[in-house]
$ cat entry_22.pdb   # PDB, C-alpha atoms, pLDDT in the B column
MODEL        1
ATOM      1  CA  MET B   1       0.002  -3.340  69.908  1.00 58.00           C
ATOM      2  CA  GLN B   2      -3.589  -2.196  69.787  1.00 66.00           C
ATOM      3  CA  LEU B   3      -6.011  -3.534  67.157  1.00 56.00           C
ATOM      4  CA  PRO B   4      -8.083  -1.047  65.140  1.00 69.00           C
ATOM      5  CA  PRO B   5     -11.776  -0.801  66.018  1.00 80.00           C
ATOM      6  CA  ILE B   6     -14.132  -3.309  64.419  1.00 81.00           C
ATOM      7  CA  GLU B   7     -15.659  -0.561  62.265  1.00 82.00           C
ATOM      8  CA  ASP B   8     -12.335   0.081  60.575  1.00 82.00           C
ATOM      9  CA  LEU B   9     -11.898  -3.633  59.859  1.00 83.00           C
ATOM     10  CA  VAL B  10     -15.380  -3.871  58.320  1.00 82.00           C
ATOM     11  CA  TRP B  11     -14.855  -0.819  56.102  1.00 83.00           C
ATOM     12  CA  ALA B  12     -11.401  -2.022  55.085  1.00 84.00           C
ATOM     13  CA  PHE B  13     -12.749  -5.455  54.168  1.00 86.00           C
ATOM     14  CA  PHE B  14     -15.614  -4.098  52.042  1.00 87.00           C
ATOM     15  CA  LYS B  15     -13.495  -1.189  50.752  1.00 87.00           C
ATOM     16  CA  VAL B  16     -16.270   1.378  51.276  1.00 84.00           C
ATOM     17  CA  PRO B  17     -14.623   4.829  51.176  1.00 85.00           C
ATOM     18  CA  GLN B  18     -14.808   7.265  54.088  1.00 85.00           C
ATOM     19  CA  TYR B  19     -16.489  10.075  52.153  1.00 85.00           C
ATOM     20  CA  VAL B  20     -19.762   8.130  51.596  1.00 83.00           C
ATOM     21  CA  ARG B  21     -20.205   6.999  55.204  1.00 83.00           C
ATOM     22  CA  THR B  22     -22.290   9.006  57.658  1.00 83.00           C
ATOM     23  CA  GLY B  23     -20.217   8.119  60.719  1.00 81.00           C
ATOM     24  CA  VAL B  24     -23.076   6.258  62.442  1.00 85.00           C
ATOM     25  CA  PHE B  25     -21.878   2.665  62.286  1.00 82.00           C
ATOM     26  CA  LEU B  26     -25.306   0.984  62.494  1.00 85.00           C
ATOM     27  CA  ASN B  27     -26.794   3.134  59.723  1.00 85.00           C
ATOM     28  CA  ASP B  28     -23.768   2.642  57.509  1.00 85.00           C
ATOM     29  CA  LEU B  29     -23.752  -1.089  58.205  1.00 85.00           C
ATOM     30  CA  ILE B  30     -27.369  -1.396  57.060  1.00 87.00           C
ATOM     31  CA  ASN B  31     -27.064   0.977  54.091  1.00 85.00           C
ATOM     32  CA  PHE B  32     -23.680  -0.144  52.750  1.00 86.00           C
ATOM     33  CA  ILE B  33     -23.302  -3.768  53.854  1.00 87.00           C
ATOM     34  CA  ILE B  34     -26.554  -5.571  54.715  1.00 89.00           C
ATOM     35  CA  LEU B  35     -29.028  -4.240  52.112  1.00 88.00           C
ATOM     36  CA  PRO B  36     -26.654  -4.203  49.123  1.00 89.00           C
ATOM     37  CA  SER B  37     -25.270  -7.618  50.093  1.00 90.00           C
ATOM     38  CA  ALA B  38     -28.755  -9.139  50.279  1.00 90.00           C
ATOM     39  CA  VAL B  39     -29.715  -7.814  46.853  1.00 87.00           C
ATOM     40  CA  LEU B  40     -26.359  -8.781  45.356  1.00 90.00           C
ATOM     41  CA  ILE B  41     -26.520 -12.331  46.734  1.00 91.00           C
ATOM     42  CA  ILE B  42     -30.074 -12.798  45.408  1.00 89.00           C
ATOM     43  CA  PHE B  43     -28.888 -11.615  41.994  1.00 89.00           C
ATOM     44  CA  LEU B  44     -25.814 -13.847  42.135  1.00 90.00           C
ATOM     45  CA  ILE B  45     -27.913 -16.900  43.047  1.00 89.00           C
ATOM     46  CA  SER B  46     -29.984 -16.234  39.933  1.00 87.00           C
ATOM     47  CA  ALA B  47     -26.811 -15.818  37.894  1.00 86.00           C
ATOM     48  CA  ALA B  48     -25.297 -19.021  39.324  1.00 85.00           C
ATOM     49  CA  HIS B  49     -28.460 -20.846  38.298  1.00 82.00           C
ATOM     50  CA  VAL B  50     -27.478 -20.124  34.670  1.00 82.00           C
ATOM     51  CA  PHE B  51     -23.859 -21.312  34.995  1.00 79.00           C
ATOM     52  CA  ILE B  52     -24.442 -24.660  36.697  1.00 81.00           C
ATOM     53  CA  PRO B  53     -25.737 -27.746  34.859  1.00 76.00           C
ATOM     54  CA  GLY B  54     -29.219 -28.906  35.868  1.00 75.00           C
ATOM     55  CA  ILE B  55     -28.210 -31.946  37.922  1.00 76.00           C
ATOM     56  CA  LEU B  56     -25.859 -29.934  40.170  1.00 75.00           C
ATOM     57  CA  ARG B  57     -27.943 -26.763  40.305  1.00 76.00           C
ATOM     58  CA  GLU B  58     -29.788 -27.123  43.617  1.00 78.00           C
ATOM     59  CA  ARG B  59     -26.799 -28.340  45.549  1.00 81.00           C
ATOM     60  CA  TRP B  60     -24.157 -25.883  44.340  1.00 85.00           C
ATOM     61  CA  LYS B  61     -25.816 -22.639  43.228  1.00 85.00           C
ATOM     62  CA  THR B  62     -25.681 -20.979  46.667  1.00 85.00           C
ATOM     63  CA  PHE B  63     -22.026 -21.904  47.046  1.00 88.00           C
ATOM     64  CA  ILE B  64     -21.178 -20.529  43.594  1.00 87.00           C
ATOM     65  CA  ALA B  65     -23.124 -17.341  44.394  1.00 89.00           C
ATOM     66  CA  LEU B  66     -21.136 -16.875  47.594  1.00 90.00           C
ATOM     67  CA  VAL B  67     -17.874 -17.428  45.700  1.00 90.00           C
ATOM     68  CA  PHE B  68     -18.930 -14.778  43.170  1.00 91.00           C
ATOM     69  CA  TYR B  69     -19.835 -12.476  46.085  1.00 92.00           C
ATOM     70  CA  MET B  70     -16.439 -12.953  47.728  1.00 92.00           C
ATOM     71  CA  VAL B  71     -14.656 -12.268  44.426  1.00 92.00           C
ATOM     72  CA  ILE B  72     -16.665  -9.071  43.986  1.00 91.00           C
ATOM     73  CA  VAL B  73     -15.837  -7.961  47.546  1.00 90.00           C
ATOM     74  CA  SER B  74     -12.145  -8.874  47.369  1.00 90.00           C
ATOM     75  CA  GLN B  75     -11.645  -7.135  44.020  1.00 91.00           C
ATOM     76  CA  GLY B  76     -13.119  -3.876  45.371  1.00 88.00           C
ATOM     77  CA  ILE B  77     -16.083  -3.841  42.998  1.00 90.00           C
ATOM     78  CA  TYR B  78     -18.529  -4.198  45.897  1.00 89.00           C
ATOM     79  CA  ALA B  79     -17.958  -0.609  47.068  1.00 89.00           C
ATOM     80  CA  TYR B  80     -19.183   0.776  43.721  1.00 89.00           C
ATOM     81  CA  PHE B  81     -22.265  -1.419  43.865  1.00 88.00           C
ATOM     82  CA  ALA B  82     -22.994  -0.426  47.487  1.00 88.00           C
ATOM     83  CA  ILE B  83     -22.657   3.282  46.698  1.00 87.00           C
ATOM     84  CA  PHE B  84     -24.927   2.926  43.665  1.00 87.00           C
ATOM     85  CA  PHE B  85     -27.467   0.851  45.577  1.00 86.00           C
ATOM     86  CA  GLN B  86     -27.502   3.224  48.551  1.00 82.00           C
ATOM     87  CA  GLY B  87     -28.661   6.013  46.253  1.00 81.00           C
ATOM     88  CA  TYR B  88     -31.593   3.993  44.930  1.00 85.00           C
ATOM     89  CA  VAL B  89     -32.562   1.924  47.974  1.00 83.00           C
ATOM     90  CA  MET B  90     -35.746   3.924  48.622  1.00 85.00           C
ATOM     91  CA  ILE B  91     -36.934   3.480  45.042  1.00 88.00           C
ATOM     92  CA  PHE B  92     -36.223  -0.245  45.334  1.00 83.00           C
ATOM     93  CA  ILE B  93     -38.212  -0.467  48.588  1.00 85.00           C
ATOM     94  CA  ILE B  94     -41.147   1.490  47.118  1.00 91.00           C
ATOM     95  CA  PHE B  95     -41.303  -0.796  44.063  1.00 88.00           C
ATOM     96  CA  ALA B  96     -41.020  -3.852  46.285  1.00 86.00           C
ATOM     97  CA  PHE B  97     -43.910  -2.597  48.434  1.00 89.00           C
ATOM     98  CA  ILE B  98     -46.064  -1.809  45.389  1.00 89.00           C
ATOM     99  CA  PHE B  99     -45.362  -5.254  43.944  1.00 85.00           C
ATOM    100  CA  PHE B 100     -46.184  -6.854  47.293  1.00 85.00           C
ATOM    101  CA  ALA B 101     -49.425  -4.889  47.653  1.00 83.00           C
ATOM    102  CA  ILE B 102     -50.575  -5.617  44.122  1.00 81.00           C
ATOM    103  CA  THR B 103     -49.851  -9.324  44.372  1.00 78.00           C
ATOM    104  CA  ARG B 104     -51.565  -9.591  47.774  1.00 80.00           C
ATOM    105  CA  PHE B 105     -54.727  -7.610  47.022  1.00 81.00           C
ATOM    106  CA  ILE B 106     -55.418  -8.856  43.491  1.00 77.00           C
ATOM    107  CA  PRO B 107     -56.238 -12.584  43.443  1.00 76.00           C
ATOM    108  CA  MET B 108     -54.017 -14.880  41.364  1.00 73.00           C
ATOM    109  CA  LYS B 109     -56.889 -15.862  39.042  1.00 77.00           C
ATOM    110  CA  TYR B 110     -57.042 -12.265  37.788  1.00 76.00           C
ATOM    111  CA  TRP B 111     -53.275 -12.225  37.217  1.00 73.00           C
ATOM    112  CA  GLU B 112     -53.561 -15.424  35.187  1.00 77.00           C
ATOM    113  CA  ALA B 113     -56.477 -14.040  33.178  1.00 76.00           C
ATOM    114  CA  GLY B 114     -54.573 -10.803  32.552  1.00 74.00           C
ATOM    115  CA  ALA B 115     -51.508 -12.741  31.439  1.00 74.00           C
ATOM    116  CA  LYS B 116     -53.609 -14.777  29.013  1.00 75.00           C
ATOM    117  CA  VAL B 117     -55.195 -11.626  27.562  1.00 72.00           C
ATOM    118  CA  ALA B 118     -51.776  -9.968  27.215  1.00 69.00           C
ATOM    119  CA  ALA B 119     -50.356 -13.076  25.545  1.00 69.00           C
ATOM    120  CA  LYS B 120     -53.369 -13.306  23.225  1.00 70.00           C
ATOM    121  CA  TYR B 121     -53.047  -9.636  22.279  1.00 70.00           C
ATOM    122  CA  GLY B 122     -49.326 -10.088  21.641  1.00 71.00           C
ATOM    123  CA  GLU B 123     -50.006 -13.118  19.468  1.00 77.00           C
ATOM    124  CA  LYS B 124     -52.747 -11.233  17.614  1.00 75.00           C
ATOM    125  CA  SER B 125     -50.488  -8.286  16.817  1.00 79.00           C
ATOM    126  CA  GLN B 126     -47.719 -10.660  15.706  1.00 80.00           C
ATOM    127  CA  ASP B 127     -50.194 -12.535  13.487  1.00 80.00           C
ATOM    128  CA  ILE B 128     -51.378  -9.293  11.911  1.00 82.00           C
ATOM    129  CA  LYS B 129     -47.810  -8.195  11.285  1.00 85.00           C
ATOM    130  CA  ARG B 130     -46.903 -11.566   9.748  1.00 86.00           C
ATOM    131  CA  LEU B 131     -50.005 -11.538   7.506  1.00 86.00           C
ATOM    132  CA  GLN B 132     -49.272  -7.964   6.370  1.00 88.00           C
ATOM    133  CA  GLN B 133     -45.741  -8.983   5.409  1.00 90.00           C
ATOM    134  CA  GLU B 134     -47.128 -11.963   3.511  1.00 89.00           C
ATOM    135  CA  LEU B 135     -49.636  -9.655   1.795  1.00 89.00           C
ATOM    136  CA  GLU B 136     -46.826  -7.337   0.677  1.00 92.00           C
ATOM    137  CA  ILE B 137     -44.954 -10.302  -0.786  1.00 90.00           C
ATOM    138  CA  LYS B 138     -48.068 -11.445  -2.671  1.00 90.00           C
ATOM    139  CA  MET B 139     -48.639  -7.905  -4.005  1.00 90.00           C
ATOM    140  CA  ARG B 140     -45.091  -7.817  -5.381  1.00 92.00           C
ATOM    141  CA  GLU B 141     -45.591 -11.287  -6.847  1.00 91.00           C
ATOM    142  CA  ARG B 142     -48.835 -10.116  -8.494  1.00 90.00           C
ATOM    143  CA  GLU B 143     -46.989  -7.205 -10.134  1.00 92.00           C
ATOM    144  CA  ARG B 144     -44.270  -9.561 -11.392  1.00 91.00           C
ATOM    145  CA  VAL B 145     -46.790 -12.060 -12.821  1.00 88.00           C
ATOM    146  CA  GLN B 146     -48.838  -9.213 -14.340  1.00 90.00           C
ATOM    147  CA  GLY B 147     -45.666  -8.073 -16.140  1.00 91.00           C
ATOM    148  CA  TYR B 148     -45.106 -11.612 -17.491  1.00 88.00           C
ATOM    149  CA  LEU B 149     -48.763 -11.779 -18.580  1.00 87.00           C
ATOM    150  CA  ASN B 150     -48.536  -8.446 -20.382  1.00 90.00           C
ATOM    151  CA  GLN B 151     -45.343  -9.587 -22.135  1.00 90.00           C
ATOM    152  CA  ALA B 152     -47.002 -12.854 -23.214  1.00 88.00           C
ATOM    153  CA  ILE B 153     -50.026 -10.926 -24.562  1.00 90.00           C
ATOM    154  CA  ALA B 154     -47.737  -8.534 -26.446  1.00 90.00           C
ATOM    155  CA  ASP B 155     -45.801 -11.464 -27.946  1.00 88.00           C
ATOM    156  CA  GLY B 156     -49.013 -13.350 -28.833  1.00 86.00           C
ATOM    157  CA  ARG B 157     -48.159 -16.524 -26.880  1.00 84.00           C
ATOM    158  CA  ARG B 158     -51.598 -17.974 -26.073  1.00 85.00           C
ATOM    159  CA  ARG B 159     -50.356 -20.841 -23.893  1.00 88.00           C
ATOM    160  CA  ASP B 160     -48.211 -18.547 -21.796  1.00 85.00           C
ATOM    161  CA  VAL B 161     -51.112 -16.087 -21.509  1.00 86.00           C
ATOM    162  CA  GLN B 162     -53.349 -18.869 -20.124  1.00 88.00           C
ATOM    163  CA  MET B 163     -50.656 -20.057 -17.696  1.00 88.00           C
ATOM    164  CA  TRP B 164     -49.901 -16.548 -16.386  1.00 87.00           C
ATOM    165  CA  GLN B 165     -53.625 -15.754 -16.127  1.00 89.00           C
ATOM    166  CA  ILE B 166     -54.222 -18.879 -14.011  1.00 88.00           C
ATOM    167  CA  GLN B 167     -51.287 -17.995 -11.777  1.00 89.00           C
ATOM    168  CA  LEU B 168     -52.494 -14.383 -11.505  1.00 88.00           C
ATOM    169  CA  ASN B 169     -55.973 -15.580 -10.485  1.00 90.00           C
ATOM    170  CA  GLU B 170     -54.465 -17.775  -7.760  1.00 91.00           C
ATOM    171  CA  ILE B 171     -52.413 -14.871  -6.436  1.00 89.00           C
ATOM    172  CA  GLU B 172     -55.514 -12.626  -6.449  1.00 91.00           C
ATOM    173  CA  ARG B 173     -57.435 -15.226  -4.411  1.00 90.00           C
ATOM    174  CA  GLU B 174     -54.561 -15.439  -1.932  1.00 90.00           C
ATOM    175  CA  ILE B 175     -54.421 -11.618  -1.638  1.00 89.00           C
ATOM    176  CA  ASP B 176     -58.170 -11.500  -0.988  1.00 90.00           C
ATOM    177  CA  ARG B 177     -57.869 -14.250   1.641  1.00 89.00           C
ATOM    178  CA  LEU B 178     -55.039 -12.403   3.411  1.00 88.00           C
ATOM    179  CA  LYS B 179     -56.968  -9.107   3.420  1.00 89.00           C
ATOM    180  CA  ILE B 180     -60.047 -10.786   4.880  1.00 88.00           C
ATOM    181  CA  ARG B 181     -57.979 -12.552   7.547  1.00 86.00           C
ATOM    182  CA  ILE B 182     -56.234  -9.308   8.544  1.00 85.00           C
ATOM    183  CA  GLU B 183     -59.597  -7.535   8.878  1.00 87.00           C
ATOM    184  CA  GLU B 184     -60.969 -10.425  10.956  1.00 83.00           C
ATOM    185  CA  LEU B 185     -57.992 -10.249  13.319  1.00 78.00           C
ATOM    186  CA  LYS B 186     -58.296  -6.482  13.658  1.00 80.00           C
ATOM    187  CA  LYS B 187     -61.979  -6.815  14.632  1.00 80.00           C
ATOM    188  CA  MET B 188     -61.289  -9.482  17.249  1.00 72.00           C
ATOM    189  CA  PRO B 189     -61.032  -8.207  20.841  1.00 64.00           C
TER     190      PRO B 189
ENDMDL
END
$ encode --input "entry_22.pdb" --output "structure tokens"
Amino acid sequence: MQLPPIEDLVWAFFKVPQYVRTGVFLNDLINFIILPSAVLIIFLISAAHVFIPGILRERWKTFIALVFYMVIVSQGIYAYFAIFFQGYVMIFIIFAFIFFAITRFIPMKYWEAGAKVAAKYGEKSQDIKRLQQELEIKMRERERVQGYLNQAIADGRRRDVQMWQIQLNEIEREIDRLKIRIEELKKMP
């Protein structure tokens, strides 16, 4: 009894269909087995990092990633991933090269400064948004208190008029403070 060639065993194990292969074993091995497997294992190591408790993480995450990899291969899901990845491998390599070039030619101190500026800008926009929401709430509160004040004036209740007027003045001060703070944040670089 003659054994099938090694190529047939490899393709049967990984369940990569005949119609996507080029027929050149070395090219197909790289495009459908080595590159997709490397990316998949890196992803699975990151995923295993989430599943394992902290104390066991360093010792077991590679093992768990390999178990996940073997399950994916044995269930036949790997072939779909390899076919998908093969179509986008050049885009992946181009992005990897661009990332490599940018991180090598731009010193880390500029990356850190850029990250700080981006974080500061994000915080600034969030602060402005939060203050604008607070301003809207105060404006609605001013309308409500103004209605109570007008009702107290119409009814001739002097004590209530004084109380609502004091509360209205406090709300007006808070509205002015919020408007000034929003303008200050908008002017900041």
$ closest_atom_pairs --input "entry_22.pdb" --of "segment 48-124 of chain B" --to "segment 129-132 of chain B" --cutoff "12 Å" --atoms "all atoms listed in the file" --output "CSV"
residue,atom,partner,partner_atom,distance
B:Gly122,CA,B:Lys129,CA,10.6
B:Glu123,CA,B:Lys129,CA,9.8
B:Lys124,CA,B:Lys129,CA,8.6
$ resolve_selection --input "entry_22.pdb" --expression "the PyMOL selection byres ((chain B and resi 33) around 12)" --output "VMD selection string"
chain B and resid 7 10 to 11 13 to 16 21 25 to 32 34 to 41 73 78 to 83 85 to 86
$ atom_distance --input "entry_22.pdb" --atom1 "atom CA of Val20 of chain B" --atom2 "atom CA of Ala65 of chain B"
26.7 Å
$ resolve_selection --input "entry_22.pdb" --expression "the PyMOL selection byres ((chain B and resi 68) around 12)" --output "PyMOL selection string"
chain B and resi 37+40-48+51+61-67+69-75+77-78
$ residues_around --input "entry_22.pdb" --residues "Met139 of chain B" --least-positions-apart "3" --cutoff "10 Å" --atoms "only C-alpha atoms" --output "PDB file with C-alpha atoms, in the frame of the given file"
ATOM      1  CA  GLN B 133     -45.741  -8.983   5.409  1.00 90.00           C
ATOM      2  CA  GLU B 134     -47.128 -11.963   3.511  1.00 89.00           C
ATOM      3  CA  LEU B 135     -49.636  -9.655   1.795  1.00 89.00           C
ATOM      4  CA  GLU B 136     -46.826  -7.337   0.677  1.00 92.00           C
ATOM      5  CA  ARG B 142     -48.835 -10.116  -8.494  1.00 90.00           C
ATOM      6  CA  GLU B 143     -46.989  -7.205 -10.134  1.00 92.00           C
ATOM      7  CA  ARG B 144     -44.270  -9.561 -11.392  1.00 91.00           C
ATOM      8  CA  VAL B 145     -46.790 -12.060 -12.821  1.00 88.00           C
ATOM      9  CA  ILE B 171     -52.413 -14.871  -6.436  1.00 89.00           C
ATOM     10  CA  GLU B 172     -55.514 -12.626  -6.449  1.00 91.00           C
ATOM     11  CA  GLU B 174     -54.561 -15.439  -1.932  1.00 90.00           C
ATOM     12  CA  ILE B 175     -54.421 -11.618  -1.638  1.00 89.00           C
TER      13      ILE B 175
END
$ closest_residue --input "entry_22.pdb" --among "B:Tyr88, B:Phe100, B:Trp164, B:Trp111" --to "Leu149 of chain B" --atoms "only C-alpha atoms"
B:Trp164
$ atom_distance --input "entry_22.pdb" --atom1 "atom CA of Gln165 of chain B" --atom2 "atom CA of Ile137 of chain B"
18.4 Å
$ atom_distance --input "entry_22.pdb" --atom1 "atom CA of Glu183 of chain B" --atom2 "atom CA of Gln126 of chain B"
14.1 Å
$ axis_aligned_box --input "entry_22.pdb" --around "segment 156-174 of chain B" --padding-each-side "4 Å" --output "AutoDock Vina command-line options"
--center_x -52.8 --center_y -16.7 --center_z -15.4 --size_x 17.3 --size_y 16.2 --size_z 34.9
$ residues_around --input "entry_22.pdb" --residues "Lys186 of chain B" --least-positions-apart "6" --cutoff "10 Å" --atoms "only C-alpha atoms" --output "JSON, numbers by chain"
{"B": [124, 125, 128, 180]}
